[in-house]
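Shown below: structure.cif, with mmCIF, C-alpha atoms.
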```cif
data_structure
#
loop_
_atom_site.label_atom_id
_atom_site.label_comp_id
_atom_site.auth_asym_id
_atom_site.auth_seq_id
_atom_site.Cartn_x
_atom_site.Cartn_y
_atom_site.Cartn_z
CA MET A 1 0.00 0.00 0.00
CA LYS A 2 1.27 3.48 -0.77
CA LEU A 3 0.14 7.08 -1.03
CA ILE A 4 0.34 8.78 -4.40
CA GLN A 5 0.06 12.53 -5.04
CA SER A 6 -1.15 13.78 -8.40
CA PRO A 7 1.38 16.21 -9.96
CA LYS A 8 -1.50 18.07 -11.56
CA THR A 9 -4.21 18.36 -8.85
CA LYS A 10 -1.94 17.73 -5.85
CA ASN A 11 -4.67 15.42 -4.45
CA PHE A 12 -3.56 12.26 -2.65
CA SER A 13 -4.73 8.76 -3.58
CA VAL A 14 -4.09 5.37 -1.98
CA ARG A 15 -3.04 2.34 -4.01
CA TYR A 16 -3.42 -1.19 -2.58
CA ARG A 17 -3.62 -4.77 -3.86
CA THR A 18 -6.76 -6.94 -3.70
CA GLY A 19 -6.95 -10.67 -3.03
CA SER A 20 -7.04 -11.38 -6.75
CA GLY A 21 -3.70 -9.55 -7.18
CA LYS A 22 -5.21 -6.48 -8.81
CA ASP A 23 -3.88 -3.01 -7.92
CA VAL A 24 -6.66 -0.56 -7.03
CA THR A 25 -6.25 3.21 -6.69
CA ARG A 26 -8.76 5.29 -4.75
CA SER A 27 -8.75 9.09 -4.46
CA LEU A 28 -8.72 10.47 -0.92
CA GLY A 29 -9.90 13.95 -2.00
CA THR A 30 -7.31 15.91 -0.04
CA THR A 31 -4.05 17.75 -0.76
CA SER A 32 -2.85 17.33 2.83
CA LYS A 33 -0.53 14.37 3.37
CA LYS A 34 -1.33 14.33 7.08
CA GLU A 35 -5.07 14.17 6.36
CA ALA A 36 -4.47 11.51 3.69
CA LYS A 37 -2.64 9.31 6.23
CA PHE A 38 -5.48 9.84 8.70
CA LEU A 39 -8.10 8.78 6.12
CA VAL A 40 -6.09 5.67 5.18
CA LYS A 41 -5.84 4.74 8.85
CA GLU A 42 -9.55 5.29 9.47
CA ALA A 43 -10.47 3.26 6.35
CA LYS A 44 -8.17 0.45 7.58
CA ILE A 45 -6.62 0.13 4.11
CA GLU A 46 -3.54 -1.71 5.42
CA GLU A 47 -5.75 -4.22 7.24
CA ILE A 48 -7.82 -4.77 4.09
CA GLU A 49 -4.70 -5.41 2.02
CA MET A 50 -3.31 -7.81 4.64
CA ALA A 51 -6.62 -9.69 4.80
CA ALA A 52 -6.55 -10.00 1.02
CA LYS A 53 -3.05 -11.47 1.19
CA ILE A 54 -4.13 -13.97 3.84
CA GLY A 55 -7.19 -14.89 1.75
CA ALA A 56 -4.98 -15.56 -1.27
CA LEU A 57 -2.67 -17.65 0.89
CA GLN A 58 -5.62 -19.67 2.17
CA ARG A 59 -6.83 -20.34 -1.38
CA ASP A 60 -3.34 -21.46 -2.40
CA THR A 61 -3.22 -23.78 0.61
CA ILE A 62 -6.64 -25.25 -0.15
CA SER A 63 -5.68 -25.73 -3.79
CA SER A 64 -2.56 -27.58 -2.69
CA ILE A 65 -4.58 -29.83 -0.40
CA VAL A 66 -7.17 -30.49 -3.09
CA ALA A 67 -4.43 -31.36 -5.58
CA ASP A 68 -3.39 -34.18 -3.26
CA ARG A 69 -7.01 -35.38 -3.04
CA ASN A 70 -7.80 -35.41 -6.74
CA ILE A 71 -10.58 -37.94 -6.34
CA SER A 72 -11.96 -39.81 -9.31
CA PHE A 73 -15.42 -38.89 -10.53
CA ARG A 74 -16.70 -42.43 -10.00
CA ASP A 75 -15.44 -42.58 -6.40
CA CYS A 76 -17.06 -39.23 -5.67
CA VAL A 77 -20.37 -40.44 -7.14
CA ASP A 78 -20.20 -43.57 -4.98
CA GLU A 79 -19.60 -41.47 -1.86
CA TRP A 80 -22.39 -39.08 -2.86
CA GLU A 81 -24.75 -42.04 -3.35
CA GLU A 82 -24.02 -43.36 0.15
CA TYR A 83 -24.41 -39.86 1.60
CA SER A 84 -27.76 -39.42 -0.21
CA GLU A 85 -29.05 -42.71 1.17
CA VAL A 86 -28.08 -41.69 4.70
CA ARG A 87 -30.10 -38.50 4.19
CA SER A 88 -33.09 -40.71 3.29
CA LYS A 89 -33.21 -39.40 -0.25
CA SER A 90 -35.64 -41.39 -2.40
CA GLY A 91 -33.99 -44.53 -3.78
CA ASN A 92 -35.52 -43.90 -7.17
CA THR A 93 -34.25 -40.30 -7.20
CA VAL A 94 -30.72 -41.42 -6.27
CA PHE A 95 -30.79 -44.13 -8.96
CA THR A 96 -32.01 -41.67 -11.60
CA GLN A 97 -29.51 -38.97 -10.65
CA LYS A 98 -26.64 -41.45 -10.58
CA SER A 99 -27.55 -42.54 -14.11
CA VAL A 100 -27.50 -38.88 -15.19
CA LEU A 101 -24.10 -38.31 -13.56
CA MET A 102 -22.49 -41.30 -15.25
CA ALA A 103 -23.97 -40.21 -18.59
CA PHE A 104 -22.52 -36.73 -18.00
CA ALA A 105 -19.08 -38.20 -17.27
CA SER A 106 -19.19 -40.25 -20.47
CA TYR A 107 -20.49 -37.38 -22.62
CA SER A 108 -18.02 -34.83 -21.24
CA ASN A 109 -15.00 -37.14 -20.78
CA VAL A 110 -14.85 -36.42 -17.05
CA ARG A 111 -12.56 -38.79 -15.15
CA LYS A 112 -11.86 -36.75 -12.03
CA VAL A 113 -14.03 -34.31 -10.13
CA SER A 114 -11.51 -31.58 -10.94
CA ASP A 115 -12.23 -32.17 -14.64
CA ILE A 116 -15.70 -30.64 -14.26
CA THR A 117 -15.99 -27.15 -15.74
CA ASP A 118 -18.87 -24.77 -16.26
CA LYS A 119 -18.49 -25.23 -20.02
CA LYS A 120 -18.79 -29.02 -19.80
CA ILE A 121 -21.89 -28.74 -17.63
CA ALA A 122 -23.48 -26.18 -19.97
CA ASN A 123 -22.72 -28.30 -23.03
CA TYR A 124 -24.32 -31.36 -21.43
CA VAL A 125 -27.50 -29.74 -20.14
CA ASN A 126 -27.89 -27.86 -23.44
CA GLU A 127 -27.01 -30.81 -25.65
CA PRO A 128 -28.47 -30.27 -29.17
CA CYS A 129 -31.08 -33.03 -29.16
CA GLU A 130 -34.81 -33.46 -28.48
CA VAL A 131 -34.47 -33.83 -24.72
CA LYS A 132 -37.37 -32.26 -22.81
CA LEU A 133 -36.86 -29.07 -20.83
CA ASN A 134 -37.81 -30.86 -17.61
CA SER A 135 -35.21 -33.57 -18.26
CA ARG A 136 -32.54 -30.95 -18.88
CA ASN A 137 -33.36 -29.28 -15.56
CA GLN A 138 -33.11 -32.69 -13.90
CA ARG A 139 -29.66 -33.15 -15.45
CA LEU A 140 -28.50 -29.85 -13.98
CA ALA A 141 -30.02 -30.65 -10.58
CA ALA A 142 -28.15 -33.98 -10.43
CA ILE A 143 -24.82 -32.36 -11.29
CA LYS A 144 -25.37 -29.55 -8.78
CA SER A 145 -26.14 -32.09 -6.08
CA LEU A 146 -22.86 -33.93 -6.68
CA ILE A 147 -20.82 -30.71 -6.88
CA SER A 148 -22.34 -29.46 -3.63
CA TYR A 149 -21.11 -32.66 -1.98
CA ALA A 150 -17.65 -32.34 -3.58
CA VAL A 151 -17.22 -28.72 -2.44
CA ALA A 152 -18.37 -29.59 1.10
CA ASN A 153 -15.68 -32.27 1.25
CA SER A 154 -12.99 -29.98 -0.24
CA TYR A 155 -12.57 -32.19 -3.32
CA ILE A 156 -12.84 -29.00 -5.36
CA VAL A 157 -12.47 -25.38 -4.25
CA ALA A 158 -15.21 -23.64 -6.22
CA ASP A 159 -18.58 -24.64 -7.66
CA PRO A 160 -18.35 -24.70 -11.49
CA SER A 161 -22.12 -25.03 -11.83
CA VAL A 162 -22.76 -21.50 -10.51
CA GLY A 163 -24.33 -19.48 -13.28
CA VAL A 164 -24.99 -22.47 -15.55
CA ARG A 165 -28.56 -22.48 -16.86
CA VAL A 166 -30.65 -24.48 -19.28
CA ASP A 167 -31.01 -22.34 -22.39
CA ALA A 168 -34.70 -22.82 -23.15
CA SER A 169 -34.53 -20.32 -26.01
CA LYS A 170 -32.79 -22.93 -28.15
CA LEU A 171 -35.42 -25.63 -27.55
CA SER A 172 -38.33 -26.47 -29.80
CA HIS A 173 -41.92 -25.97 -28.72
CA ALA A 174 -42.33 -29.75 -28.32
CA SER A 175 -39.30 -29.92 -26.01
CA LYS A 176 -40.66 -27.17 -23.78
CA GLU A 177 -44.15 -28.65 -23.48
CA THR A 178 -44.82 -31.02 -20.59
CA LYS A 179 -46.33 -34.39 -21.39
CA ARG A 180 -50.10 -34.15 -21.48
CA ARG A 181 -51.84 -36.85 -19.48
CA ASN A 182 -55.48 -37.61 -20.15
CA PRO A 183 -57.76 -39.27 -17.60
CA PHE A 184 -59.27 -42.70 -18.09
CA THR A 185 -62.94 -42.59 -18.97
CA LYS A 186 -65.49 -44.51 -16.96
CA LYS A 187 -65.95 -46.85 -19.93
CA GLU A 188 -62.22 -47.57 -20.06
CA TYR A 189 -62.12 -48.14 -16.29
CA GLU A 190 -64.98 -50.64 -16.46
CA LYS A 191 -63.38 -52.47 -19.37
CA MET A 192 -60.03 -52.72 -17.59
CA SER A 193 -61.60 -53.79 -14.33
CA LYS A 194 -63.48 -56.56 -16.12
CA HIS A 195 -60.47 -58.06 -17.95
CA ALA A 196 -57.51 -57.42 -15.63
CA PRO A 197 -55.74 -60.28 -13.79
CA TYR A 198 -55.97 -60.44 -9.98
CA PHE A 199 -53.37 -57.89 -8.83
CA PHE A 200 -54.02 -55.43 -11.63
CA GLU A 201 -57.77 -55.71 -11.16
CA THR A 202 -57.29 -54.61 -7.53
CA ALA A 203 -54.73 -51.95 -8.51
CA ILE A 204 -57.16 -50.52 -11.08
CA GLU A 205 -59.95 -50.34 -8.48
CA LEU A 206 -57.63 -48.58 -6.03
CA GLY A 207 -56.31 -46.22 -8.71
CA TRP A 208 -59.83 -45.26 -9.84
CA TRP A 209 -61.33 -44.78 -6.37
CA THR A 210 -58.31 -43.30 -4.52
CA GLY A 211 -56.04 -41.65 -7.11
CA LEU A 212 -53.02 -43.22 -5.40
CA ARG A 213 -49.79 -43.45 -7.38
CA ALA A 214 -48.61 -46.88 -8.54
CA ILE A 215 -45.86 -47.00 -5.91
CA ASP A 216 -48.36 -46.27 -3.12
CA VAL A 217 -50.72 -48.96 -4.38
CA CYS A 218 -47.92 -51.53 -4.54
CA LYS A 219 -46.64 -50.60 -1.09
CA LEU A 220 -49.98 -50.44 0.74
CA GLU A 221 -49.56 -51.68 4.31
CA TRP A 222 -52.07 -53.63 6.36
CA ASP A 223 -51.78 -50.96 9.07
CA SER A 224 -53.09 -48.38 6.58
CA TRP A 225 -56.42 -50.18 6.54
CA GLY A 226 -58.36 -48.55 9.38
CA LYS A 227 -61.92 -48.95 10.57
CA ASP A 228 -63.39 -46.05 8.60
CA THR A 229 -60.52 -44.76 6.46
CA LEU A 230 -57.58 -45.83 4.35
CA THR A 231 -54.62 -43.80 5.60
CA VAL A 232 -51.48 -43.63 3.47
CA TRP A 233 -48.16 -41.86 3.83
CA THR A 234 -47.29 -41.21 0.21
CA GLU A 235 -43.88 -42.36 -0.98
CA LYS A 236 -43.09 -39.39 -3.21
CA THR A 237 -43.81 -36.51 -0.83
CA ASP A 238 -44.18 -38.31 2.53
CA THR A 239 -47.61 -36.73 2.84
CA ARG A 240 -50.40 -38.24 4.92
CA VAL A 241 -53.66 -38.79 3.01
CA GLU A 242 -56.85 -40.08 4.62
CA LEU A 243 -59.56 -41.56 2.40
CA PRO A 244 -62.96 -42.31 4.01
CA TYR A 245 -64.43 -45.61 2.79
CA ASP A 246 -68.06 -44.55 2.78
CA CYS A 247 -67.63 -41.14 1.12
CA PRO A 248 -69.67 -41.12 -2.14
CA ALA A 249 -66.76 -39.46 -3.99
CA ILE A 250 -64.55 -42.40 -3.02
CA GLY A 251 -66.99 -45.06 -4.06
CA GLY A 252 -69.45 -45.06 -1.19
CA GLY A 253 -68.25 -48.43 0.09
CA ARG A 254 -66.54 -49.71 -3.08
CA LEU A 255 -63.11 -49.05 -1.59
CA ARG A 256 -63.92 -51.07 1.52
CA ASN A 257 -65.22 -53.94 -0.62
CA THR A 258 -62.09 -53.89 -2.76
CA LEU A 259 -59.80 -54.08 0.27
CA GLU A 260 -61.81 -56.98 1.69
CA THR A 261 -61.14 -59.07 -1.44
CA ILE A 262 -57.36 -58.94 -0.93
CA GLU A 263 -55.87 -62.21 0.25
CA THR A 264 -54.43 -61.89 3.74
CA ASN A 265 -50.79 -62.64 4.44
CA LYS A 266 -48.37 -62.28 7.33
CA THR A 267 -46.19 -59.62 5.76
CA ARG A 268 -46.20 -55.87 6.21
CA TYR A 269 -47.64 -55.25 2.76
CA LEU A 270 -50.92 -56.16 1.08
CA PHE A 271 -48.96 -57.02 -2.09
CA PRO A 272 -45.52 -58.16 -0.86
CA GLU A 273 -44.18 -59.26 -4.26
CA TRP A 274 -45.05 -55.98 -5.94
CA ALA A 275 -43.83 -53.98 -2.92
CA GLU A 276 -40.43 -55.64 -3.38
CA VAL A 277 -40.37 -54.98 -7.13
CA ILE A 278 -41.39 -51.33 -6.97
CA SER A 279 -38.94 -50.62 -4.13
CA ASP A 280 -36.03 -51.67 -6.36
CA PRO A 281 -35.11 -48.82 -8.76
CA LYS A 282 -33.68 -51.35 -11.21
CA ARG A 283 -36.87 -53.43 -11.30
CA ARG A 284 -39.66 -50.94 -10.69
CA SER A 285 -40.19 -50.34 -14.42
CA ARG A 286 -41.72 -53.83 -14.57
CA PHE A 287 -44.98 -52.43 -13.24
CA SER A 288 -45.17 -49.83 -16.02
CA VAL A 289 -44.20 -52.39 -18.66
CA TYR A 290 -46.84 -54.90 -17.56
CA PHE A 291 -49.53 -52.25 -17.27
CA LYS A 292 -48.64 -50.82 -20.69
CA ARG A 293 -48.99 -54.26 -22.29
CA PHE A 294 -52.34 -54.68 -20.59
CA LEU A 295 -53.54 -51.32 -21.95
CA GLU A 296 -52.44 -52.36 -25.44
CA ARG A 297 -54.59 -55.48 -25.16
CA MET A 298 -57.46 -53.24 -24.06
CA GLU A 299 -56.75 -51.00 -27.09
CA ILE A 300 -56.19 -47.99 -24.84
CA GLU A 301 -53.41 -45.76 -26.16
CA GLY A 302 -51.31 -42.93 -24.76
CA LYS A 303 -52.12 -43.53 -21.09
CA SER A 304 -50.40 -44.85 -17.99
CA PHE A 305 -51.33 -45.76 -14.42
CA HIS A 306 -50.70 -42.15 -13.38
CA CYS A 307 -53.73 -41.16 -15.46
CA PHE A 308 -55.90 -42.58 -12.67
CA ARG A 309 -54.90 -39.54 -10.55
CA HIS A 310 -56.22 -37.30 -13.29
CA SER A 311 -59.40 -39.40 -13.47
CA PHE A 312 -59.87 -39.22 -9.69
CA VAL A 313 -59.50 -35.42 -9.47
CA SER A 314 -61.61 -34.71 -12.58
CA ARG A 315 -64.36 -37.19 -11.66
CA ILE A 316 -64.83 -35.75 -8.18
CA ASN A 317 -64.59 -32.13 -9.33
CA GLU A 318 -67.26 -32.65 -12.02
CA GLY A 319 -69.53 -34.85 -9.88
CA ASP A 320 -72.20 -33.77 -7.44
CA TYR A 321 -70.11 -34.59 -4.36
CA ASP A 322 -69.92 -31.20 -2.62
CA SER A 323 -66.11 -31.56 -2.49
CA SER A 324 -63.98 -28.43 -2.69
CA ILE A 325 -60.73 -28.30 -4.63
CA GLU A 326 -58.97 -27.98 -1.25
CA LYS A 327 -60.50 -31.27 -0.06
CA ILE A 328 -59.55 -33.02 -3.31
CA ALA A 329 -55.99 -31.69 -2.95
CA GLY A 330 -55.86 -33.22 0.52
CA TRP A 331 -57.06 -36.60 -0.79
CA VAL A 332 -54.31 -36.75 -3.44
CA GLY A 333 -51.61 -35.32 -1.16
CA HIS A 334 -51.00 -32.00 -2.94
CA SER A 335 -49.68 -29.17 -0.79
CA SER A 336 -50.98 -26.61 -3.29
CA VAL A 337 -54.40 -26.50 -4.96
CA GLU A 338 -52.64 -25.06 -8.01
CA THR A 339 -51.03 -28.45 -8.51
CA THR A 340 -54.42 -30.13 -8.19
CA LYS A 341 -55.92 -27.78 -10.77
CA GLY A 342 -53.41 -29.17 -13.25
CA TYR A 343 -55.20 -32.51 -12.94
CA LEU A 344 -58.60 -31.14 -13.94
CA HIS A 345 -59.99 -32.19 -17.30
CA SER A 346 -63.37 -31.57 -18.90
CA SER A 347 -65.26 -34.63 -20.05
#
```
Step by step, read the file and then write its structure as structure tokens.
Amino acid sequence: MKLIQSPKTKNFSVRYRTGSGKDVTRSLGTTSKKEAKFLVKEAKIEEIEMAAKIGALQRDTISSIVADRNISFRDCVDEWEEYSEVRSKSGNTVFTQKSVLMAFASYSNVRKVSDITDKKIANYVNEPCEVKLNSRNQRLAAIKSLISYAVANSYIVADPSVGVRVDASKLSHASKETKRRNPFTKKEYEKMSKHAPYFFETAIELGWWTGLRAIDVCKLEWDSWGKDTLTVWTEKTDTRVELPYDCPAIGGGRLRNTLETIETNKTRYLFPEWAEVISDPKRRSRFSVYFKRFLERMEIEGKSFHCFRHSFVSRINEGDYDSSIEKIAGWVGHSSVETTKGYLHSS
């Protein structure tokens, strides 16, 4: 740090060095050297410059430490996976994000965590192909999750994902649009219910009358079956939903009758085999595959089990059940009625 006096104006300025090594000059607005020294002292310029030097030293030290811990990308992903499981992150979410991370490493030729750059991340999430906007955002979220873990463990000093965004302006209209789901009609429901094999017949009844997701149907527990209500803690959002058996909107007794047809067993789940399948991220797609094949036999196109949630919300909203949108949101486990409104369809 030093004082500089302008030959022309005779005003004093102070010049000091920042943490990035850049020299900065600031005018003190006085021609008195004594006053200039006083202003520098009051502004603590020397302390600022010293702090900057210490900060630079700390960064150099951290960089040196990190260089000795240049962990491989795969090892970091494995650690992140274990950490995510400890945090009770959804097994399906972890499986999906891990798949994204390994695809990113392959696409971007990333072998070590230190190989990750903002450019590589941007190129991957904005890859020129017909990947949906939502999928691109999921790619970025997975990478950010891993990097957050790597920074916290000092595997890298800075976060290269800061400032990286999905460039939606380059995407087609089709890529930006979310997949439109249409509800099952009553005619389709009756046809499916009539021809479905045992488990799927029950699953269809539960889907139609409760709007539960496939994973919640497969993992229904005997303890959920109460005297007057079916109470479920949903897998996706860990939300408690309570469905009264005798409510006209929920079948007026049909739900109770359906549950009573299920064969009893000594396990925790009503459908132990399917609970095991759907709990395994590598096998859970079997449910969707089997149900899709069944729909093809029924000549029903462009729909999935999730469409039952749309059917449930739309059927109750259009029916004469005196059920508010807030009550319907509670039955399907939505924290916001705006989400529930997205499930409304006109017949």
Q: Return as a list of chain:residue names the set of residues that the PyMOL selection byres ((chain A and resi 71) around 8) yields on the displayed structure.
A: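 Applied to this file, the PyMOL selection byres ((chain A and resi 71) around 8) selects A:Arg69, A:Asn70, A:Ser72, A:Phe73, A:Asp75, A:Cys76, A:Lys112, A:Val113, A:Ser114, A:Tyr155.
Minimum distance to A:Asn182 across A:Arg254, A:Lys170, A:Lys132, A:His345 (counting all atoms listed in the file) occurs at A:His345.
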Quick one: everything within 12 Å of A:Leu295, counting all atoms listed in the file, minus sequence neighbours fewer than 3 positions away in the same chain. Send it as a PDB file with C-alpha atoms, in the coordinates of the input.
```pdb
ATOM      1  CA  PHE A 184     -59.270 -42.700 -18.090  1.00  0.00           C
ATOM      2  CA  GLU A 188     -62.220 -47.570 -20.060  1.00  0.00           C
ATOM      3  CA  TYR A 189     -62.120 -48.140 -16.290  1.00  0.00           C
ATOM      4  CA  LYS A 191     -63.380 -52.470 -19.370  1.00  0.00           C
ATOM      5  CA  MET A 192     -60.030 -52.720 -17.590  1.00  0.00           C
ATOM      6  CA  SER A 193     -61.600 -53.790 -14.330  1.00  0.00           C
ATOM      7  CA  HIS A 195     -60.470 -58.060 -17.950  1.00  0.00           C
ATOM      8  CA  ALA A 196     -57.510 -57.420 -15.630  1.00  0.00           C
ATOM      9  CA  PHE A 200     -54.020 -55.430 -11.630  1.00  0.00           C
ATOM     10  CA  ILE A 204     -57.160 -50.520 -11.080  1.00  0.00           C
ATOM     11  CA  SER A 288     -45.170 -49.830 -16.020  1.00  0.00           C
ATOM     12  CA  VAL A 289     -44.200 -52.390 -18.660  1.00  0.00           C
ATOM     13  CA  TYR A 290     -46.840 -54.900 -17.560  1.00  0.00           C
ATOM     14  CA  PHE A 291     -49.530 -52.250 -17.270  1.00  0.00           C
ATOM     15  CA  LYS A 292     -48.640 -50.820 -20.690  1.00  0.00           C
ATOM     16  CA  MET A 298     -57.460 -53.240 -24.060  1.00  0.00           C
ATOM     17  CA  GLU A 299     -56.750 -51.000 -27.090  1.00  0.00           C
ATOM     18  CA  ILE A 300     -56.190 -47.990 -24.840  1.00  0.00           C
ATOM     19  CA  GLU A 301     -53.410 -45.760 -26.160  1.00  0.00           C
ATOM     20  CA  GLY A 302     -51.310 -42.930 -24.760  1.00  0.00           C
ATOM     21  CA  LYS A 303     -52.120 -43.530 -21.090  1.00  0.00           C
ATOM     22  CA  SER A 304     -50.400 -44.850 -17.990  1.00  0.00           C
ATOM     23  CA  PHE A 305     -51.330 -45.760 -14.420  1.00  0.00           C
TER      24      PHE A 305
END
```
Q: Write out as a list of chain:residue names each polymer residue whose atoms come within 7 Å of stretch 31-43 of chain A, counting all atoms listed in the file; drop sequence neighbours fewer than 5 positions from it.
A: A:Lys10, A:Asn11, A:Phe12
Q.
Here's the selection I'm unsure about, the PyMOL selection byres ((chain A and resi 326) around 12); applied to the file above, which residues does it give, as an MDAnalysis selection string?
A. chainID A and resid 313 316:317 322:325 327:341
(Q) When you count only C-alpha atoms, which of these residues is closest to A:Glu260: A:Asn137, A:Thr202, A:Ser108, A:Ser27? (A)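 Checking each candidate against A:Glu260, we get A:Thr202 as the closest.
Between atom CA of A:Val100 and atom CA of A:Ser154 there is a distance of 22.7 Å.
Nearest to A:Asn109 of all the residues A:Thr258, A:Ile121, A:Ser88, A:Leu140 is A:Ile121, counting all atoms listed in the file.
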Expand the PyMOL selection byres ((chain A and resi 162) around 12) into the explicit residue set it covers here, and present it as a CSV table (one decimal) with C-alpha atoms, keeping the file's coordinate frame.
```csv
chain,number,residue,atom,x,y,z
A,117,THR,CA,-16.0,-27.2,-15.7
A,118,ASP,CA,-18.9,-24.8,-16.3
A,119,LYS,CA,-18.5,-25.2,-20.0
A,121,ILE,CA,-21.9,-28.7,-17.6
A,122,ALA,CA,-23.5,-26.2,-20.0
A,140,LEU,CA,-28.5,-29.8,-14.0
A,141,ALA,CA,-30.0,-30.6,-10.6
A,143,ILE,CA,-24.8,-32.4,-11.3
A,144,LYS,CA,-25.4,-29.6,-8.8
A,145,SER,CA,-26.1,-32.1,-6.1
A,147,ILE,CA,-20.8,-30.7,-6.9
A,148,SER,CA,-22.3,-29.5,-3.6
A,158,ALA,CA,-15.2,-23.6,-6.2
A,159,ASP,CA,-18.6,-24.6,-7.7
A,160,PRO,CA,-18.4,-24.7,-11.5
A,161,SER,CA,-22.1,-25.0,-11.8
A,163,GLY,CA,-24.3,-19.5,-13.3
A,164,VAL,CA,-25.0,-22.5,-15.6
A,165,ARG,CA,-28.6,-22.5,-16.9
```
Q) Just how far from atom CA of A:Lys2 is atom CA of A:Val14, in Å to one decimal? A) 5.8 Å
So which residues touch A:Ala214 within 8 Å, counting all atoms listed in the file, skipping near sequence neighbours fewer than 3 positions away, as a PDB file with C-alpha atoms, in the coordinates of the input?
```pdb
ATOM      1  CA  ALA A 203     -54.730 -51.950  -8.510  1.00  0.00           C
ATOM      2  CA  GLY A 207     -56.310 -46.220  -8.710  1.00  0.00           C
ATOM      3  CA  VAL A 217     -50.720 -48.960  -4.380  1.00  0.00           C
ATOM      4  CA  CYS A 218     -47.920 -51.530  -4.540  1.00  0.00           C
ATOM      5  CA  PHE A 305     -51.330 -45.760 -14.420  1.00  0.00           C
ATOM      6  CA  HIS A 306     -50.700 -42.150 -13.380  1.00  0.00           C
TER       7      HIS A 306
END
```
**Q.** Atom pair atom CA of A:Pro281 / atom CA of A:Lys176: separation (Å)
**A.**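 It comes out at 26.9 Å.
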Q: Using all atoms listed in the file, determine which residues lie at most 7 Å from A:Pro244, disregarding the query and same-chain residues fewer than 4 positions distant; provide the list as number ranges by chain.
A: A: 228-230
Kindly save the residues from that selection, with C-alpha atoms included, as a short mmCIF file (atom, residue, chain, number, x, y, z; two decimals), in the coordinates of the input.
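Full text of selection-v2.cif as output:
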```cif
data_model
loop_
_atom_site.label_atom_id
_atom_site.label_comp_id
_atom_site.auth_asym_id
_atom_site.auth_seq_id
_atom_site.Cartn_x
_atom_site.Cartn_y
_atom_site.Cartn_z
CA ASP A 228 -63.39 -46.05 8.60
CA THR A 229 -60.52 -44.76 6.46
CA LEU A 230 -57.58 -45.83 4.35
#
```
Since the input is missing atoms, can you rebuild N, CA and C atoms for stretch 328-342 of chain A and write them as a PDB file, keeping the file's coordinate frame?
```
ATOM      1  N   ILE A 328     -60.102 -32.095  -2.317  1.00  0.00           N
ATOM      2  CA  ILE A 328     -59.550 -33.020  -3.310  1.00  0.00           C
ATOM      3  C   ILE A 328     -58.024 -33.000  -3.232  1.00  0.00           C
ATOM      4  N   ALA A 329     -57.450 -31.803  -3.068  1.00  0.00           N
ATOM      5  CA  ALA A 329     -55.990 -31.690  -2.950  1.00  0.00           C
ATOM      6  C   ALA A 329     -55.486 -32.488  -1.758  1.00  0.00           C
ATOM      7  N   GLY A 330     -56.238 -32.451  -0.661  1.00  0.00           N
ATOM      8  CA  GLY A 330     -55.860 -33.220   0.520  1.00  0.00           C
ATOM      9  C   GLY A 330     -55.916 -34.717   0.266  1.00  0.00           C
ATOM     10  N   TRP A 331     -56.911 -35.164  -0.496  1.00  0.00           N
ATOM     11  CA  TRP A 331     -57.060 -36.600  -0.790  1.00  0.00           C
ATOM     12  C   TRP A 331     -55.939 -37.129  -1.688  1.00  0.00           C
ATOM     13  N   VAL A 332     -55.398 -36.277  -2.561  1.00  0.00           N
ATOM     14  CA  VAL A 332     -54.310 -36.750  -3.440  1.00  0.00           C
ATOM     15  C   VAL A 332     -52.928 -36.339  -2.918  1.00  0.00           C
ATOM     16  N   GLY A 333     -52.887 -35.652  -1.773  1.00  0.00           N
ATOM     17  CA  GLY A 333     -51.610 -35.320  -1.160  1.00  0.00           C
ATOM     18  C   GLY A 333     -50.886 -34.153  -1.793  1.00  0.00           C
ATOM     19  N   HIS A 334     -51.627 -33.198  -2.355  1.00  0.00           N
ATOM     20  CA  HIS A 334     -51.000 -32.000  -2.940  1.00  0.00           C
ATOM     21  C   HIS A 334     -50.950 -30.900  -1.889  1.00  0.00           C
ATOM     22  N   SER A 335     -49.811 -30.267  -1.746  1.00  0.00           N
ATOM     23  CA  SER A 335     -49.680 -29.170  -0.790  1.00  0.00           C
ATOM     24  C   SER A 335     -50.271 -27.878  -1.337  1.00  0.00           C
ATOM     25  N   SER A 336     -50.430 -27.805  -2.653  1.00  0.00           N
ATOM     26  CA  SER A 336     -50.980 -26.610  -3.290  1.00  0.00           C
ATOM     27  C   SER A 336     -52.165 -26.989  -4.185  1.00  0.00           C
ATOM     28  N   VAL A 337     -53.245 -26.223  -4.105  1.00  0.00           N
ATOM     29  CA  VAL A 337     -54.400 -26.500  -4.960  1.00  0.00           C
ATOM     30  C   VAL A 337     -54.067 -26.189  -6.420  1.00  0.00           C
ATOM     31  N   GLU A 338     -53.039 -25.366  -6.639  1.00  0.00           N
ATOM     32  CA  GLU A 338     -52.640 -25.060  -8.010  1.00  0.00           C
ATOM     33  C   GLU A 338     -52.134 -26.314  -8.709  1.00  0.00           C
ATOM     34  N   THR A 339     -51.478 -27.172  -7.965  1.00  0.00           N
ATOM     35  CA  THR A 339     -51.030 -28.450  -8.510  1.00  0.00           C
ATOM     36  C   THR A 339     -52.229 -29.305  -8.848  1.00  0.00           C
ATOM     37  N   THR A 340     -53.210 -29.329  -7.965  1.00  0.00           N
ATOM     38  CA  THR A 340     -54.420 -30.130  -8.190  1.00  0.00           C
ATOM     39  C   THR A 340     -55.188 -29.632  -9.406  1.00  0.00           C
ATOM     40  N   LYS A 341     -55.204 -28.341  -9.607  1.00  0.00           N
ATOM     41  CA  LYS A 341     -55.920 -27.780 -10.770  1.00  0.00           C
ATOM     42  C   LYS A 341     -55.323 -28.279 -12.081  1.00  0.00           C
ATOM     43  N   GLY A 342     -54.051 -28.636 -12.054  1.00  0.00           N
ATOM     44  CA  GLY A 342     -53.410 -29.170 -13.250  1.00  0.00           C
ATOM     45  C   GLY A 342     -53.897 -30.552 -13.615  1.00  0.00           C
TER      46      GLY A 342
END
```
